[in-house]
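These notes concern the structure reproduced below.
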Amino acid sequence: DDKIRLGRHTMGAVYNNITIYYMDALIETIFSHIYQTNLKTNKSYAQVMSCHDIVPLVTMLAASIYRNGVPYQRACTFDPAKCIHVVEEKLDISKLLWVNRKALTKKQLSILSKSAAGSITEDDLIAYREENYKALPRTVKIKGDSADGFTIKLKVPTIAEHLASGHGWVGDIVQMVNTALGMDASQNARNQYINEQAAATELRQYGHWIENIIYDDNVSFETRDDLDSALDALSSDAETREEILKAVRKFITDSTLTVVGVPTYECPSCKKTN
């Protein structure tokens with residue numbers, strides 16, 4: 001029940017930690033059904049695949065389940081006051097995955113062309129990622145004009161780091177909730193407490209995207225426990241929290257090469273673009 005309430009009270013997205021419970025189950029299901037891969041490694045898939053790989057993995061799982069497509073309805077959004085036409089179609093899920101191939105270099109395309117089992121080494125994988133300069137570790141100055149300014153180093157986490165970070169964050173929230181449930185308070189008060197604790201540690205939702213935090217006086221936070229403690233403290237300052245979240249979300253957008261969505265289309269009724 002605590003986890004359900006936490007989910008209701010927290011705004012989530014695919015790359016933060018609030019999705020951890022269903023994401024963990026989906027990833028485990030996907031990995032357990034992989035029979036052959038072109039990647040040669042002794043590590044687990046979660047240790048070598050990045051957080052960005054979650055979206056295409058889950059999309060293709062859905063495509064393999066719903067091979068005949070899924071019913072889809074979408075109302076015209078150009079001007080609801082003038083047009084309320086609803087498009088009804090059957091979607092081919094595999095066609096919803098869009099890859100920005102223009103952003104791929106010749107070297108990346110060459111590596112991707114290796115389709116034989118075990119033909120891509122871990123060195124190939126590293127070389128592939130180094131070609132995507134927007135996904136390379138990035139240092140961002142926070143509160144640059146302030147005496148207590150600091151820098152954060154952003155990186156694309158692996159799936160394993162995403163899962164571990166998510167379970168740690170939600171586990172801490174649940175522990176706080178269990179403490180609150182012992183208080184003589186109404187259900188609404190306890191639910192409010194859950195929401196407050198989730199908001200108080202909001203930066204932890206994206207903690208796995210942050211490699212380190214370094215202050216101008218060379219005080220640094222680099223271990224996972226130290227980073228979690230630092231992010232909990234920084235979450236209490238609304239201005240600092242929003243600046244960090246903005247930097248992390250921009251990095252996620254910049255480093256993303258694949259998205260899932262329906263392309264724009266012309267409404268059959270009003271002929272406007274949706």
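Residues in the structure tokens are named by chain (A, B, ... in the order shown) and by number from 1 within that chain; ligands are numbered from 1 in the order shown.
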
### Query
Just asking: which residues within range 4-249 of chain A are helix (DSSP H, G or I) according to DSSP, as a PyMOL selection string?
chain A and resi 4-9+17-32+45-48+51-65+93-96+101-103+106-112+122-131+133-135+159-181+187-200+202-209+224-234+238-249

### Message
Applying 9 Å and only C-alpha atoms, which residues near range 148-162 of chain A remain after dropping the ones on its own chain fewer than 5 positions away? List them as a PyMOL selection string.
### Response
chain A and resi 15-17+20+27+44-54+135-143+167+206-217+244+247-248+251-252+255

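The shell of residues at most 12 Å from range 115-119 of chain A, with only C-alpha atoms counted and near chain neighbours (fewer than 2 positions) removed, consists of Tyr35, Gln36, Thr37, Asn38, Leu39, Lys40, Thr41, Asn42, Leu109, Ser110, Ile111, Leu112, Ser113, Thr121, Glu122, Asp123, Asp124 and Leu125 of chain A.
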
Could you take the residues named above and write them with N, CA, C and O atoms, as a short mmCIF file (atom, residue, chain, number, x, y, z; two decimals), in the first residue's frame?
```cif
data_model
loop_
_atom_site.label_atom_id
_atom_site.label_comp_id
_atom_site.auth_asym_id
_atom_site.auth_seq_id
_atom_site.Cartn_x
_atom_site.Cartn_y
_atom_site.Cartn_z
N TYR A 35 17.67 -15.23 -26.36
CA TYR A 35 18.33 -16.50 -26.65
C TYR A 35 19.66 -16.31 -27.38
O TYR A 35 20.54 -17.17 -27.33
N GLN A 36 19.80 -15.21 -28.08
CA GLN A 36 21.04 -14.95 -28.80
C GLN A 36 21.23 -13.46 -28.98
O GLN A 36 20.25 -12.71 -29.15
N THR A 37 22.47 -12.99 -28.90
CA THR A 37 22.74 -11.58 -29.07
C THR A 37 24.07 -11.40 -29.80
O THR A 37 24.94 -12.29 -29.76
N ASN A 38 24.24 -10.26 -30.47
CA ASN A 38 25.49 -9.99 -31.16
C ASN A 38 26.55 -9.40 -30.23
O ASN A 38 27.66 -9.11 -30.66
N LEU A 39 26.21 -9.23 -28.94
CA LEU A 39 27.16 -8.69 -27.98
C LEU A 39 27.89 -9.81 -27.24
O LEU A 39 27.27 -10.71 -26.68
N LYS A 40 29.22 -9.73 -27.24
CA LYS A 40 30.04 -10.72 -26.55
C LYS A 40 30.50 -10.13 -25.22
O LYS A 40 31.30 -9.20 -25.17
N THR A 41 29.99 -10.67 -24.12
CA THR A 41 30.34 -10.16 -22.80
C THR A 41 30.06 -11.21 -21.73
O THR A 41 29.17 -12.05 -21.90
N ASN A 42 30.83 -11.14 -20.65
CA ASN A 42 30.60 -12.01 -19.50
C ASN A 42 29.74 -11.33 -18.44
O ASN A 42 29.39 -11.94 -17.43
N LEU A 109 27.45 3.27 -37.27
CA LEU A 109 26.70 2.44 -38.23
C LEU A 109 27.46 1.18 -38.58
O LEU A 109 26.87 0.11 -38.77
N SER A 110 28.80 1.29 -38.65
CA SER A 110 29.62 0.12 -38.94
C SER A 110 29.52 -0.90 -37.82
O SER A 110 29.41 -2.11 -38.06
N ILE A 111 29.53 -0.43 -36.58
CA ILE A 111 29.41 -1.33 -35.44
C ILE A 111 28.03 -1.98 -35.41
O ILE A 111 27.88 -3.18 -35.16
N LEU A 112 27.01 -1.19 -35.70
CA LEU A 112 25.64 -1.71 -35.70
C LEU A 112 25.42 -2.76 -36.78
O LEU A 112 24.52 -3.59 -36.67
N SER A 113 26.22 -2.72 -37.83
CA SER A 113 26.04 -3.65 -38.95
C SER A 113 26.50 -5.06 -38.59
O SER A 113 26.21 -6.02 -39.32
N THR A 121 32.13 -6.64 -29.46
CA THR A 121 32.83 -6.76 -28.19
C THR A 121 32.48 -5.59 -27.27
O THR A 121 31.85 -4.60 -27.70
N GLU A 122 32.91 -5.68 -26.02
CA GLU A 122 32.69 -4.57 -25.10
C GLU A 122 33.46 -3.34 -25.55
O GLU A 122 33.00 -2.20 -25.35
N ASP A 123 34.63 -3.53 -26.18
CA ASP A 123 35.39 -2.40 -26.72
C ASP A 123 34.60 -1.72 -27.84
O ASP A 123 34.63 -0.48 -27.97
N ASP A 124 33.92 -2.52 -28.66
CA ASP A 124 33.07 -1.95 -29.71
C ASP A 124 31.96 -1.11 -29.10
O ASP A 124 31.63 -0.02 -29.59
N LEU A 125 31.40 -1.62 -28.01
CA LEU A 125 30.30 -0.92 -27.35
C LEU A 125 30.78 0.42 -26.78
O LEU A 125 30.09 1.44 -26.91
#
```

### Summary
In Å and to one decimal, CA of Gly261 in chain A is distant from CA of Leu96 in chain A by 5.3 Å

### Message
If I take CA of Thr105 in chain A and CA of Arg249 in chain A, how far is one from the other in Å, to one decimal?
### Response
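Between these atoms lies a distance of 24.0 Å.
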
### Query
Could you pull out the strand (DSSP E) residues of range 40-267 of chain A from DSSP and send them as a PyMOL selection string?
chain A and resi 70-75+86-91+97-99+138-142+150-154+210-215+220-221+258-260

### Message
Under the rule that only C-alpha atoms are counted, which of A:Lys82, A:Lys90, A:Arg101, A:Lys95 is the nearest residue to Pro263 in chain A?
### Response
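Of A:Lys82, A:Lys90, A:Arg101, A:Lys95, the one nearest Pro263 in chain A is A:Lys95, counting only C-alpha atoms.
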